[in-house]
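Engineer: Quick one: structure below, then a few questions.
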Amino acid sequence: MNDKNLLDFLLGDSDENIFLFDEDGASHEFEQLAVITHNDKKYAILHPISLPDDEAAIFELSVEGEEALRSVEDETLANEILKIYQEESEKNGGEE
């Protein structure tokens, strides 16, 4: 991510993949699909490179204190965010 902060990186035009580390310190590579704003919060939809193309993970971008991505565990919230993503993707002709 070079010298950019997390929010700038996610909202920018970079084609670089994102590397996140789990609690065991293992690195996981993701492709960014979209950043969605919902209820005044930002969510990143990321595709894990090691999984099939139809798999995605949703993370809330937390900017309180140090910027961080937190996995969205609430299935209802995740479905709302995916619905917004699908609607926006359809409006843009499936380009996202």
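Residue numbers start at 1 in each chain; chains themselves are named A, B, ... in the order of the structure tokens; ligands are numbered from 1 in the order shown.
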According to DSSP computed on the backbone, where in region 47-96 of chain A is there helix (DSSP H, G or I)? Give the residues as a CSV table (one decimal) with N, CA and C atoms, in the first residue's frame.

Structural biologist:
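selection_20.csv, written as the output of this step:
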```
chain,number,residue,atom,x,y,z
A,75,GLU,N,-24.9,-11.4,9.4
A,75,GLU,CA,-25.3,-11.9,8.0
A,75,GLU,C,-26.3,-11.0,7.4
A,76,THR,N,-27.2,-10.4,8.2
A,76,THR,CA,-28.2,-9.4,7.7
A,76,THR,C,-27.5,-8.2,7.1
A,77,LEU,N,-26.6,-7.7,7.8
A,77,LEU,CA,-25.8,-6.5,7.4
A,77,LEU,C,-25.0,-6.9,6.1
A,78,ALA,N,-24.4,-8.0,6.1
A,78,ALA,CA,-23.6,-8.4,5.0
A,78,ALA,C,-24.5,-8.5,3.7
A,79,ASN,N,-25.7,-9.1,3.9
A,79,ASN,CA,-26.6,-9.2,2.7
A,79,ASN,C,-27.1,-7.8,2.3
A,80,GLU,N,-27.3,-6.8,3.2
A,80,GLU,CA,-27.7,-5.5,2.8
A,80,GLU,C,-26.6,-4.8,2.0
A,81,ILE,N,-25.3,-5.0,2.4
A,81,ILE,CA,-24.2,-4.4,1.7
A,81,ILE,C,-24.0,-5.1,0.3
A,82,LEU,N,-24.2,-6.4,0.2
A,82,LEU,CA,-24.0,-7.1,-1.0
A,82,LEU,C,-25.2,-6.6,-2.0
A,83,LYS,N,-26.3,-6.4,-1.5
A,83,LYS,CA,-27.5,-5.9,-2.3
A,83,LYS,C,-27.1,-4.6,-2.9
A,84,ILE,N,-26.6,-3.7,-2.1
A,84,ILE,CA,-26.2,-2.3,-2.5
A,84,ILE,C,-25.2,-2.5,-3.6
A,85,TYR,N,-24.2,-3.3,-3.4
A,85,TYR,CA,-23.1,-3.5,-4.4
A,85,TYR,C,-23.7,-4.0,-5.7
A,86,GLN,N,-24.6,-5.0,-5.6
A,86,GLN,CA,-25.2,-5.6,-6.8
A,86,GLN,C,-26.0,-4.5,-7.6
A,87,GLU,N,-26.7,-3.7,-6.9
A,87,GLU,CA,-27.5,-2.6,-7.5
A,87,GLU,C,-26.6,-1.6,-8.1
A,88,GLU,N,-25.6,-1.2,-7.5
A,88,GLU,CA,-24.6,-0.2,-8.0
A,88,GLU,C,-23.9,-0.8,-9.2
A,89,SER,N,-23.6,-2.1,-9.2
A,89,SER,CA,-22.9,-2.7,-10.3
A,89,SER,C,-23.8,-2.8,-11.5
A,90,GLU,N,-25.1,-3.1,-11.3
A,90,GLU,CA,-26.0,-3.1,-12.4
A,90,GLU,C,-26.2,-1.7,-13.0
A,91,LYS,N,-26.3,-0.7,-12.2
A,91,LYS,CA,-26.4,0.7,-12.7
A,91,LYS,C,-25.2,1.1,-13.5
```

Engineer: Let me make sure I understand: among A:Asp24, A:Glu31, A:Glu16, A:Asp8, which one has the smallest atom-to-atom distance to Glu55 (chain A) if we use only C-alpha atoms?

Structural biologist: A:Glu31

Engineer: Please measure the separation of CA of Lys42 (chain A) and CA of Ala26 (chain A), giving the value in Å to one decimal.

Structural biologist: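 Separating CA of Lys42 (chain A) from CA of Ala26 (chain A) is a distance of 25.0 Å.
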
Engineer: Looking at A:Ser50, A:Lys41, A:Val63, A:Gln32, which one is nearest to Asp15 (chain A), with distances taken over only C-alpha atoms?

Structural biologist: A:Gln32

Engineer: Would you pick out the contacts of Leu61 (chain A) at 10 Å or less, using only C-alpha atoms, so that residues sharing its chain but fewer than 6 positions from it are not included, and give the list as a CSV table (one decimal) with C-alpha atoms, in the first residue's frame?

Structural biologist:
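To be explicit, this is the file written out as out38.csv:
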```csv
chain,number,residue,atom,x,y,z
A,6,LEU,CA,-5.9,2.6,4.4
A,7,LEU,CA,-8.9,4.8,3.5
A,10,LEU,CA,-9.3,1.8,-0.6
A,35,VAL,CA,-16.2,0.3,-1.2
A,37,THR,CA,-21.2,3.5,2.2
A,41,LYS,CA,-20.2,3.7,7.6
A,42,LYS,CA,-17.8,2.5,4.9
A,43,TYR,CA,-17.5,-1.2,3.9
A,44,ALA,CA,-14.9,-2.8,1.7
A,67,GLU,CA,-7.5,2.7,10.8
A,68,ALA,CA,-8.5,-1.0,10.6
A,69,LEU,CA,-10.7,-3.4,8.6
A,70,ARG,CA,-13.1,-5.5,10.7
A,71,SER,CA,-14.9,-8.5,9.3
A,72,VAL,CA,-18.6,-8.1,9.1
```

Engineer: Give me the residues within 10 Å of Ile49 (chain A) as an MDAnalysis selection string, counting only C-alpha atoms and dropping any in the same chain fewer than 6 places off.

Structural biologist: chainID A and resid 17:18 28:31 55:56

Engineer: Identify which of the residues A:Asp13, A:Glu73, A:Asp53, A:Asp22 lies closest to Ala34 (chain A), counting only C-alpha atoms when measuring atom-to-atom distances.

Structural biologist: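 Between A:Asp13, A:Glu73, A:Asp53, A:Asp22, the residue approaching Ala34 (chain A) most closely is A:Asp13.
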
Engineer: Could you jot down the CA of Ser62 (chain A) to CA of Leu46 (chain A) separation for me, Å, one decimal place?

Structural biologist: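 A separation of 15.5 Å between them.
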
Engineer: Enumerate as a PyMOL selection string all residues of chain A assigned to strand (DSSP E or B) by DSSP on the backbone, naming them with the chain letters and numbers the document uses.

Structural biologist: chain A and resi 18-21+27-38+41-48+57-62+68-71

Engineer: Find the residues around Ile45 (chain A) up to 6 Å (only C-alpha atoms counted), leave out those fewer than 5 positions away in its own chain, and share them as a list in words.

Structural biologist: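 Surrounding residues, per the criterion: Leu33, Ala34, Ala57 and Ile58 of chain A.
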